[in-house]
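Enquirer: I am sharing coords_8.pdb, which consists of PDB, N, CA and C atoms and all ligand atoms:
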ATOM      1  N   MET A 282     -17.691  70.766 153.474
ATOM      2  CA  MET A 282     -16.540  70.753 154.391
ATOM      3  C   MET A 282     -16.654  71.886 155.404
ATOM      4  N   ASN A 283     -17.490  71.738 156.343
ATOM      5  CA  ASN A 283     -17.626  72.716 157.412
ATOM      6  C   ASN A 283     -17.509  72.008 158.752
ATOM      7  N   PRO A 284     -16.291  71.703 159.142
ATOM      8  CA  PRO A 284     -16.134  70.880 160.343
ATOM      9  C   PRO A 284     -16.660  71.562 161.596
ATOM     10  N   GLY A 285     -16.694  72.885 161.597
ATOM     11  CA  GLY A 285     -17.134  73.566 162.808
ATOM     12  C   GLY A 285     -18.630  73.824 162.821
ATOM     13  N   THR A 286     -19.299  73.467 161.756
ATOM     14  CA  THR A 286     -20.714  73.793 161.681
ATOM     15  C   THR A 286     -21.553  72.761 162.418
ATOM     16  N   GLN A 287     -22.321  73.246 163.351
ATOM     17  CA  GLN A 287     -23.236  72.363 164.068
ATOM     18  C   GLN A 287     -24.642  72.717 163.634
ATOM     19  N   PRO A 288     -25.446  71.737 163.381
ATOM     20  CA  PRO A 288     -26.832  72.053 163.053
ATOM     21  C   PRO A 288     -27.535  72.653 164.259
ATOM     22  N   ASN A 289     -28.391  73.588 163.988
ATOM     23  CA  ASN A 289     -29.183  74.141 165.073
ATOM     24  C   ASN A 289     -30.192  73.096 165.520
ATOM     25  N   PRO A 290     -30.570  73.171 166.755
ATOM     26  CA  PRO A 290     -31.313  72.049 167.329
ATOM     27  C   PRO A 290     -32.793  71.990 166.992
ATOM     28  N   HIS A 291     -33.321  73.025 166.393
ATOM     29  CA  HIS A 291     -34.766  73.020 166.215
ATOM     30  C   HIS A 291     -35.129  72.840 164.752
ATOM     31  N   ARG A 292     -36.084  71.972 164.528
ATOM     32  CA  ARG A 292     -36.457  71.662 163.161
ATOM     33  C   ARG A 292     -37.676  72.473 162.750
ATOM     34  N   CYS A 293     -37.621  72.957 161.537
ATOM     35  CA  CYS A 293     -38.748  73.716 160.996
ATOM     36  C   CYS A 293     -39.896  72.762 160.685
ATOM     37  N   PRO A 294     -41.074  73.034 161.218
ATOM     38  CA  PRO A 294     -42.209  72.148 160.956
ATOM     39  C   PRO A 294     -42.781  72.307 159.554
ATOM     40  N   ILE A 295     -42.305  73.309 158.828
ATOM     41  CA  ILE A 295     -42.796  73.514 157.467
ATOM     42  C   ILE A 295     -41.983  72.688 156.479
ATOM     43  N   CYS A 296     -40.674  72.879 156.531
ATOM     44  CA  CYS A 296     -39.831  72.275 155.508
ATOM     45  C   CYS A 296     -38.949  71.156 156.052
ATOM     46  N   GLY A 297     -38.886  71.038 157.375
ATOM     47  CA  GLY A 297     -38.093  69.970 157.960
ATOM     48  C   GLY A 297     -36.628  70.308 158.139
ATOM     49  N   HIS A 298     -36.263  71.542 157.791
ATOM     50  CA  HIS A 298     -34.861  71.911 157.936
ATOM     51  C   HIS A 298     -34.481  72.014 159.404
ATOM     52  N   HIS A 299     -33.377  71.389 159.750
ATOM     53  CA  HIS A 299     -32.926  71.366 161.124
ATOM     54  C   HIS A 299     -32.015  72.565 161.344
ATOM     55  N   GLY A 300     -32.600  73.742 161.391
ATOM     56  CA  GLY A 300     -31.728  74.904 161.457
ATOM     57  C   GLY A 300     -32.322  76.104 162.148
ATOM     58  N   LEU A 301     -33.342  75.900 162.955
ATOM     59  CA  LEU A 301     -33.895  77.036 163.677
ATOM     60  C   LEU A 301     -33.121  77.253 164.960
ATOM     61  N   GLU A 302     -32.825  78.497 165.233
ATOM     62  CA  GLU A 302     -32.083  78.796 166.454
ATOM     63  C   GLU A 302     -32.982  78.741 167.674
ATOM     64  N   GLN A 303     -34.260  78.969 167.461
ATOM     65  CA  GLN A 303     -35.202  78.933 168.566
ATOM     66  C   GLN A 303     -36.319  77.964 168.220
ATOM     67  N   PRO A 304     -37.006  77.461 169.240
ATOM     68  CA  PRO A 304     -38.195  76.666 168.923
ATOM     69  C   PRO A 304     -39.176  77.551 168.163
ATOM     70  N   PRO A 305     -39.866  76.996 167.172
ATOM     71  CA  PRO A 305     -40.796  77.820 166.381
ATOM     72  C   PRO A 305     -41.837  78.512 167.235
ATOM     73  N   ARG A 306     -42.243  77.826 168.295
ATOM     74  CA  ARG A 306     -43.228  78.427 169.190
ATOM     75  C   ARG A 306     -42.761  78.240 170.623
ATOM     76  N   SER A 307     -42.997  79.251 171.419
ATOM     77  CA  SER A 307     -42.630  79.163 172.823
ATOM     78  C   SER A 307     -43.610  78.248 173.549
ATOM     79  N   PRO A 308     -43.239  77.795 174.756
ATOM     80  CA  PRO A 308     -44.184  76.976 175.527
ATOM     81  C   PRO A 308     -45.512  77.692 175.739
ATOM     82  N   ALA A 309     -45.489  78.993 175.775
ATOM     83  CA  ALA A 309     -46.731  79.740 175.949
ATOM     84  C   ALA A 309     -47.537  79.818 174.652
ATOM     85  N   GLY A 310     -46.926  79.409 173.544
ATOM     86  CA  GLY A 310     -47.661  79.348 172.296
ATOM     87  C   GLY A 310     -47.349  80.470 171.326
ATOM     88  N   GLY A 311     -46.528  81.406 171.729
ATOM     89  CA  GLY A 311     -46.208  82.514 170.840
ATOM     90  C   GLY A 311     -45.175  82.117 169.804
ATOM     91  N   GLY A 312     -45.243  82.756 168.662
ATOM     92  CA  GLY A 312     -44.270  82.485 167.622
ATOM     93  C   GLY A 312     -42.919  83.092 167.961
ATOM     94  N   SER A 313     -41.882  82.505 167.413
ATOM     95  CA  SER A 313     -40.521  82.967 167.721
ATOM     96  C   SER A 313     -40.141  84.186 166.885
ATOM     97  N   PHE A 314     -40.866  84.456 165.824
ATOM     98  CA  PHE A 314     -40.546  85.506 164.852
ATOM     99  C   PHE A 314     -39.262  85.226 164.111
ATOM    100  N   GLU A 315     -38.760  84.021 164.282
ATOM    101  CA  GLU A 315     -37.590  83.630 163.506
ATOM    102  C   GLU A 315     -38.048  83.239 162.097
ATOM    103  N   ILE A 316     -37.234  83.574 161.125
ATOM    104  CA  ILE A 316     -37.535  83.201 159.744
ATOM    105  C   ILE A 316     -36.677  82.007 159.369
ATOM    106  N   CYS A 317     -37.314  80.972 158.920
ATOM    107  CA  CYS A 317     -36.571  79.779 158.507
ATOM    108  C   CYS A 317     -35.714  80.128 157.293
ATOM    109  N   VAL A 318     -34.428  79.830 157.396
ATOM    110  CA  VAL A 318     -33.535  80.167 156.283
ATOM    111  C   VAL A 318     -33.813  79.287 155.068
ATOM    112  N   CYS A 319     -34.497  78.205 155.307
ATOM    113  CA  CYS A 319     -34.743  77.264 154.216
ATOM    114  C   CYS A 319     -36.014  77.608 153.440
ATOM    115  N   CYS A 320     -37.130  77.732 154.162
ATOM    116  CA  CYS A 320     -38.398  77.927 153.452
ATOM    117  C   CYS A 320     -38.927  79.352 153.577
ATOM    118  N   GLY A 321     -38.357  80.135 154.477
ATOM    119  CA  GLY A 321     -38.766  81.527 154.598
ATOM    120  C   GLY A 321     -39.986  81.747 155.466
ATOM    121  N   PHE A 322     -40.455  80.713 156.105
ATOM    122  CA  PHE A 322     -41.628  80.851 156.970
ATOM    123  C   PHE A 322     -41.227  81.606 158.233
ATOM    124  N   GLN A 323     -42.045  82.577 158.606
ATOM    125  CA  GLN A 323     -41.761  83.307 159.843
ATOM    126  C   GLN A 323     -42.797  82.944 160.889
ATOM    127  N   PHE A 324     -42.337  82.345 161.953
ATOM    128  CA  PHE A 324     -43.236  81.846 162.986
ATOM    129  C   PHE A 324     -43.778  83.008 163.803
ATOM    130  N   GLY A 325     -45.077  83.009 163.941
ATOM    131  CA  GLY A 325     -45.726  84.106 164.658
ATOM    132  C   GLY A 325     -46.240  85.169 163.702
ATOM    133  N   VAL A 326     -45.812  85.107 162.447
ATOM    134  CA  VAL A 326     -46.270  86.079 161.451
ATOM    135  C   VAL A 326     -47.040  85.371 160.343
ATOM    136  N   ASP A 327     -46.358  84.461 159.673
ATOM    137  CA  ASP A 327     -47.030  83.761 158.578
ATOM    138  C   ASP A 327     -48.178  82.899 159.102
ATOM    139  N   ASP A 328     -47.991  82.347 160.291
ATOM    140  CA  ASP A 328     -49.054  81.499 160.831
ATOM    141  C   ASP A 328     -50.093  82.348 161.569
ATOM    142  N   ASP A 329     -49.645  83.152 162.521
ATOM    143  CA  ASP A 329     -50.608  83.889 163.332
ATOM    144  C   ASP A 329     -51.254  85.036 162.569
ATOM    145  N   ASP A 330     -50.424  85.836 161.893
ATOM    146  CA  ASP A 330     -50.955  87.030 161.247
ATOM    147  C   ASP A 330     -51.585  86.725 159.894
ATOM    148  N   ARG A 331     -51.021  85.747 159.206
ATOM    149  CA  ARG A 331     -51.513  85.458 157.856
ATOM    150  C   ARG A 331     -52.392  84.222 157.805
ATOM    151  N   GLY A 332     -52.453  83.506 158.933
ATOM    152  CA  GLY A 332     -53.356  82.371 159.005
ATOM    153  C   GLY A 332     -52.913  81.159 158.209
ATOM    154  N   LEU A 333     -51.627  81.100 157.918
ATOM    155  CA  LEU A 333     -51.127  79.951 157.157
ATOM    156  C   LEU A 333     -50.888  78.783 158.102
ATOM    157  N   ASP A 334     -51.472  77.652 157.799
ATOM    158  CA  ASP A 334     -51.138  76.492 158.609
ATOM    159  C   ASP A 334     -49.920  75.815 157.979
ATOM    160  N   PRO A 335     -49.214  75.022 158.773
ATOM    161  CA  PRO A 335     -47.957  74.442 158.274
ATOM    162  C   PRO A 335     -48.126  73.646 156.985
ATOM    163  N   ALA A 336     -49.209  72.906 156.879
ATOM    164  CA  ALA A 336     -49.385  72.083 155.674
ATOM    165  C   ALA A 336     -49.533  72.959 154.434
ATOM    166  N   THR A 337     -50.296  74.036 154.568
ATOM    167  CA  THR A 337     -50.491  74.932 153.436
ATOM    168  C   THR A 337     -49.187  75.642 153.085
ATOM    169  N   ALA A 338     -48.483  76.082 154.106
ATOM    170  CA  ALA A 338     -47.216  76.752 153.855
ATOM    171  C   ALA A 338     -46.239  75.811 153.157
ATOM    172  N   ARG A 339     -46.268  74.557 153.579
ATOM    173  CA  ARG A 339     -45.372  73.578 152.971
ATOM    174  C   ARG A 339     -45.760  73.348 151.510
ATOM    175  N   GLU A 340     -47.055  73.228 151.261
ATOM    176  CA  GLU A 340     -47.508  73.024 149.881
ATOM    177  C   GLU A 340     -47.071  74.174 148.994
ATOM    178  N   ARG A 341     -47.197  75.373 149.519
ATOM    179  CA  ARG A 341     -46.822  76.550 148.714
ATOM    180  C   ARG A 341     -45.327  76.561 148.447
ATOM    181  N   TRP A 342     -44.574  76.203 149.482
ATOM    182  CA  TRP A 342     -43.128  76.204 149.323
ATOM    183  C   TRP A 342     -42.723  75.186 148.262
ATOM    184  N   ILE A 343     -43.319  74.019 148.339
ATOM    185  CA  ILE A 343     -43.004  72.967 147.372
ATOM    186  C   ILE A 343     -43.486  73.372 145.982
ATOM    187  N   ALA A 344     -44.696  73.954 145.927
ATOM    188  CA  ALA A 344     -45.238  74.370 144.633
ATOM    189  C   ALA A 344     -44.362  75.440 143.992
ATOM    190  N   GLY A 345     -43.691  76.216 144.839
ATOM    191  CA  GLY A 345     -42.812  77.258 144.320
ATOM    192  C   GLY A 345     -41.434  76.741 143.951
ATOM    193  N   GLY A 346     -41.257  75.451 144.051
ATOM    194  CA  GLY A 346     -39.984  74.873 143.652
ATOM    195  C   GLY A 346     -39.137  74.414 144.819
ATOM    196  N   ALA A 347     -39.651  74.582 146.043
ATOM    197  CA  ALA A 347     -38.927  74.162 147.245
ATOM    198  C   ALA A 347     -37.501  74.697 147.233
ATOM    199  N   ARG A 348     -37.419  75.978 146.993
ATOM    200  CA  ARG A 348     -36.093  76.587 146.892
ATOM    201  C   ARG A 348     -35.589  77.071 148.245
ATOM    202  N   TRP A 349     -34.292  77.094 148.375
ATOM    203  CA  TRP A 349     -33.658  77.634 149.581
ATOM    204  C   TRP A 349     -33.980  79.119 149.663
ATOM    205  N   PHE A 350     -34.409  79.562 150.841
ATOM    206  CA  PHE A 350     -34.924  80.918 150.973
ATOM    207  C   PHE A 350     -33.833  81.964 151.175
ATOM    208  N   SER A 351     -32.959  81.710 152.117
ATOM    209  CA  SER A 351     -32.022  82.751 152.540
ATOM    210  C   SER A 351     -30.945  83.026 151.498
ATOM    211  N   ARG A 352     -30.668  84.298 151.318
ATOM    212  CA  ARG A 352     -29.568  84.662 150.427
ATOM    213  C   ARG A 352     -28.285  84.885 151.214
ATOM    214  N   SER A 353     -28.409  85.042 152.521
ATOM    215  CA  SER A 353     -27.209  85.270 153.331
ATOM    216  C   SER A 353     -26.701  83.983 153.960
ATOM    217  N   THR A 354     -27.595  83.050 154.181
ATOM    218  CA  THR A 354     -27.188  81.756 154.728
ATOM    219  C   THR A 354     -27.314  80.709 153.643
ATOM    220  N   PRO A 355     -26.203  80.170 153.197
ATOM    221  CA  PRO A 355     -26.278  79.176 152.119
ATOM    222  C   PRO A 355     -26.798  77.845 152.645
ATOM    223  N   PRO A 356     -27.362  77.055 151.768
ATOM    224  CA  PRO A 356     -27.802  75.723 152.188
ATOM    225  C   PRO A 356     -26.611  74.841 152.533
ATOM    226  N   PRO A 357     -26.836  73.828 153.340
ATOM    227  CA  PRO A 357     -25.752  72.895 153.655
ATOM    228  C   PRO A 357     -25.270  72.205 152.390
ATOM    229  N   PRO A 358     -24.035  71.736 152.401
ATOM    230  CA  PRO A 358     -23.508  71.028 151.226
ATOM    231  C   PRO A 358     -24.386  69.839 150.890
ATOM    232  N   GLY A 359     -24.727  69.741 149.623
ATOM    233  CA  GLY A 359     -25.530  68.602 149.198
ATOM    234  C   GLY A 359     -26.985  68.694 149.604
ATOM    235  N   TRP A 360     -27.412  69.895 149.989
ATOM    236  CA  TRP A 360     -28.799  70.056 150.430
ATOM    237  C   TRP A 360     -29.769  69.633 149.346
ATOM    238  N   ASP A 361     -30.773  68.919 149.766
ATOM    239  CA  ASP A 361     -31.789  68.446 148.833
ATOM    240  C   ASP A 361     -33.142  68.558 149.512
ATOM    241  N   ALA A 362     -33.999  69.362 148.942
ATOM    242  CA  ALA A 362     -35.287  69.647 149.585
ATOM    243  C   ALA A 362     -36.107  68.384 149.788
ATOM    244  N   ARG A 363     -36.133  67.530 148.804
ATOM    245  CA  ARG A 363     -36.972  66.346 148.906
ATOM    246  C   ARG A 363     -36.438  65.388 149.969
ATOM    247  N   ARG A 364     -35.128  65.224 149.974
ATOM    248  CA  ARG A 364     -34.548  64.354 151.001
ATOM    249  C   ARG A 364     -34.832  64.905 152.383
ATOM    250  N   GLN A 365     -34.741  66.214 152.497
ATOM    251  CA  GLN A 365     -34.991  66.846 153.790
ATOM    252  C   GLN A 365     -36.436  66.612 154.232
ATOM    253  N   LEU A 366     -37.360  66.774 153.315
ATOM    254  CA  LEU A 366     -38.772  66.555 153.639
ATOM    255  C   LEU A 366     -39.018  65.102 154.018
ATOM    256  N   GLU A 367     -38.405  64.218 153.278
ATOM    257  CA  GLU A 367     -38.609  62.801 153.565
ATOM    258  C   GLU A 367     -38.006  62.438 154.919
ATOM    259  N   ALA A 368     -36.832  62.974 155.192
ATOM    260  CA  ALA A 368     -36.188  62.668 156.469
ATOM    261  C   ALA A 368     -37.029  63.169 157.633
ATOM    262  N   ALA A 369     -37.746  64.255 157.392
ATOM    263  CA  ALA A 369     -38.568  64.830 158.449
ATOM    264  C   ALA A 369     -39.967  64.229 158.472
ATOM    265  N   GLY A 370     -40.244  63.349 157.526
ATOM    266  CA  GLY A 370     -41.571  62.755 157.462
ATOM    267  C   GLY A 370     -42.608  63.726 156.939
ATOM    268  N   LEU A 371     -42.167  64.700 156.157
ATOM    269  CA  LEU A 371     -43.071  65.740 155.679
ATOM    270  C   LEU A 371     -43.307  65.673 154.173
ATOM    271  N   ALA A 372     -42.721  64.700 153.532
ATOM    272  CA  ALA A 372     -42.869  64.612 152.084
ATOM    273  C   ALA A 372     -44.330  64.401 151.716
ATOM    274  N   PRO A 373     -44.818  65.157 150.777
ATOM    275  CA  PRO A 373     -46.247  65.101 150.446
ATOM    276  C   PRO A 373     -46.618  63.934 149.548
ATOM    277  N   THR A 374     -45.664  63.364 148.868
ATOM    278  CA  THR A 374     -46.012  62.330 147.896
ATOM    279  C   THR A 374     -46.097  60.967 148.567
ATOM    280  N   PRO A 375     -47.181  60.261 148.318
ATOM    281  CA  PRO A 375     -47.288  58.903 148.844
ATOM    282  C   PRO A 375     -46.440  57.951 148.019
ATOM    283  N   GLY A 376     -46.430  56.727 148.430
ATOM    284  CA  GLY A 376     -45.719  55.733 147.644
ATOM    285  C   GLY A 376     -44.310  55.491 148.138
ATOM    286  N   ALA A 377     -43.932  56.169 149.221
ATOM    287  CA  ALA A 377     -42.610  55.921 149.775
ATOM    288  C   ALA A 377     -42.584  54.538 150.417
ATOM    289  N   PRO A 378     -41.436  53.905 150.417
ATOM    290  CA  PRO A 378     -41.352  52.600 151.066
ATOM    291  C   PRO A 378     -41.696  52.705 152.549
ATOM    292  N   ALA A 379     -42.136  51.626 153.095
ATOM    293  CA  ALA A 379     -42.626  51.640 154.468
ATOM    294  C   ALA A 379     -41.476  51.710 155.452
ATOM    295  N   THR A 380     -40.849  52.853 155.472
ATOM    296  CA  THR A 380     -39.720  53.007 156.388
ATOM    297  C   THR A 380     -40.125  53.703 157.664
ATOM    298  N   GLY A 381     -41.315  54.194 157.705
ATOM    299  CA  GLY A 381     -41.741  54.891 158.908
ATOM    300  C   GLY A 381     -43.225  54.735 159.115
ATOM    301  N   PRO A 382     -43.658  55.048 160.318
ATOM    302  CA  PRO A 382     -45.097  54.947 160.578
ATOM    303  C   PRO A 382     -45.862  55.999 159.793
ATOM    304  N   LYS A 383     -46.922  55.583 159.210
ATOM    305  CA  LYS A 383     -47.793  56.513 158.485
ATOM    306  C   LYS A 383     -49.186  56.351 159.048
ATOM    307  N   ARG A 384     -49.657  57.380 159.668
ATOM    308  CA  ARG A 384     -50.971  57.262 160.298
ATOM    309  C   ARG A 384     -52.085  57.467 159.287
ATOM    310  N   ASP A 385     -51.930  58.475 158.467
ATOM    311  CA  ASP A 385     -53.005  58.727 157.511
ATOM    312  C   ASP A 385     -52.455  58.587 156.104
ATOM    313  N   ARG A 386     -53.281  58.204 155.219
ATOM    314  CA  ARG A 386     -52.853  58.014 153.854
ATOM    315  C   ARG A 386     -53.461  59.065 152.937
ATOM    316  N   GLY A 387     -53.933  60.152 153.511
ATOM    317  CA  GLY A 387     -54.516  61.209 152.700
ATOM    318  C   GLY A 387     -55.899  60.812 152.254
ATOM    319  N   ALA A 388     -56.331  61.404 151.183
ATOM    320  CA  ALA A 388     -57.679  61.177 150.702
ATOM    321  C   ALA A 388     -57.821  59.754 150.166
ATOM    322  N   THR A 389     -58.921  59.166 150.494
ATOM    323  CA  THR A 389     -59.187  57.824 149.995
ATOM    324  C   THR A 389     -59.833  57.930 148.612
ATOM    325  N   PRO A 390     -59.262  57.278 147.628
ATOM    326  CA  PRO A 390     -59.889  57.328 146.297
ATOM    327  C   PRO A 390     -61.229  56.608 146.323
ATOM    328  N   SER A 391     -62.181  57.184 145.652
ATOM    329  CA  SER A 391     -63.519  56.587 145.686
ATOM    330  C   SER A 391     -63.832  55.904 144.365
TER     331      SER A 391
HETATM  332 ZN    ZN B   1     -38.498  75.932 157.005
END
Hey, can you dump this file as structure tokens for me?
Ligand SMILES: [Zn+2]
Expert:
Amino acid sequence: MNPGTQPNPHRCPICGHHGLEQPPRSPAGGGSFEICVCCGFQFGVDDDDRGLDPATARERWIAGGARWFSRSTPPPPGWDARRQLEAAGLAPTPGAPATGPKRDRGATPS
């Protein structure tokens, strides 16, 4: 029940949370240095300085339990990490119903 709460317009490319105040990267390519309240990824630091690519960062976040990162900003009511990932098309698990375009299917079993 937060009638005045508007989602921030920028979506985190790591976790899919629609809550970044700034675009993760500027048009010039620099990181925003904003920390995603959901997954804790800091753009311009975790990627540029630590060399984490979004897929790896996402895997780590999920492997760690996909927990909400921020202690000062609570998650939205009913927040669900998996639903958020699926809504953003970032869910790592295959087998989802064909509700969206899927370009790659990951590794081909041999
Ligand atoms: Zn995030």
Enquirer: Within 12 Å of ligand ZN 1 (chain B), counting only C-alpha atoms and all ligand atoms: which residues, as number ranges by chain?
Expert: A: 291-302, 304-305, 315-324, 327, 335-336, 338-343, 347-351, 356, 362, 365-366, 369, 371
Enquirer: Measure the distance from atom N of Asp329 of chain A to atom N of Gly312 of chain A in Å and round it to one decimal.
Expert: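 Answer for the atom N of Asp329 of chain A to atom N of Gly312 of chain A separation: 7.6 Å.
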Enquirer: Figure out the distance between atom CA of Asp328 of chain A and atom CA of Ala309 of chain A, please, to one decimal in Å.
Expert: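 According to the coordinates, atom CA of Ala309 of chain A and atom CA of Asp328 of chain A are separated by 15.4 Å.
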Enquirer: Kindly give the distance, in Å, that separates atom C of Gly311 of chain A and atom C of Gly325 of chain A, rounded to a single decimal.
Expert: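 It comes out at 6.9 Å.
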Enquirer: Around all the atoms of segment 322-340 of chain A listed in the file, with 8 Å of room on each side, what axis-aligned box do you get, giving centre and edge lengths in Å to one decimal, as lines of an AutoDock Vina configuration file?
Expert:
center_x = -46.9
center_y = 79.6
center_z = 156.8
size_x = 28.9
size_y = 30.9
size_z = 31.7
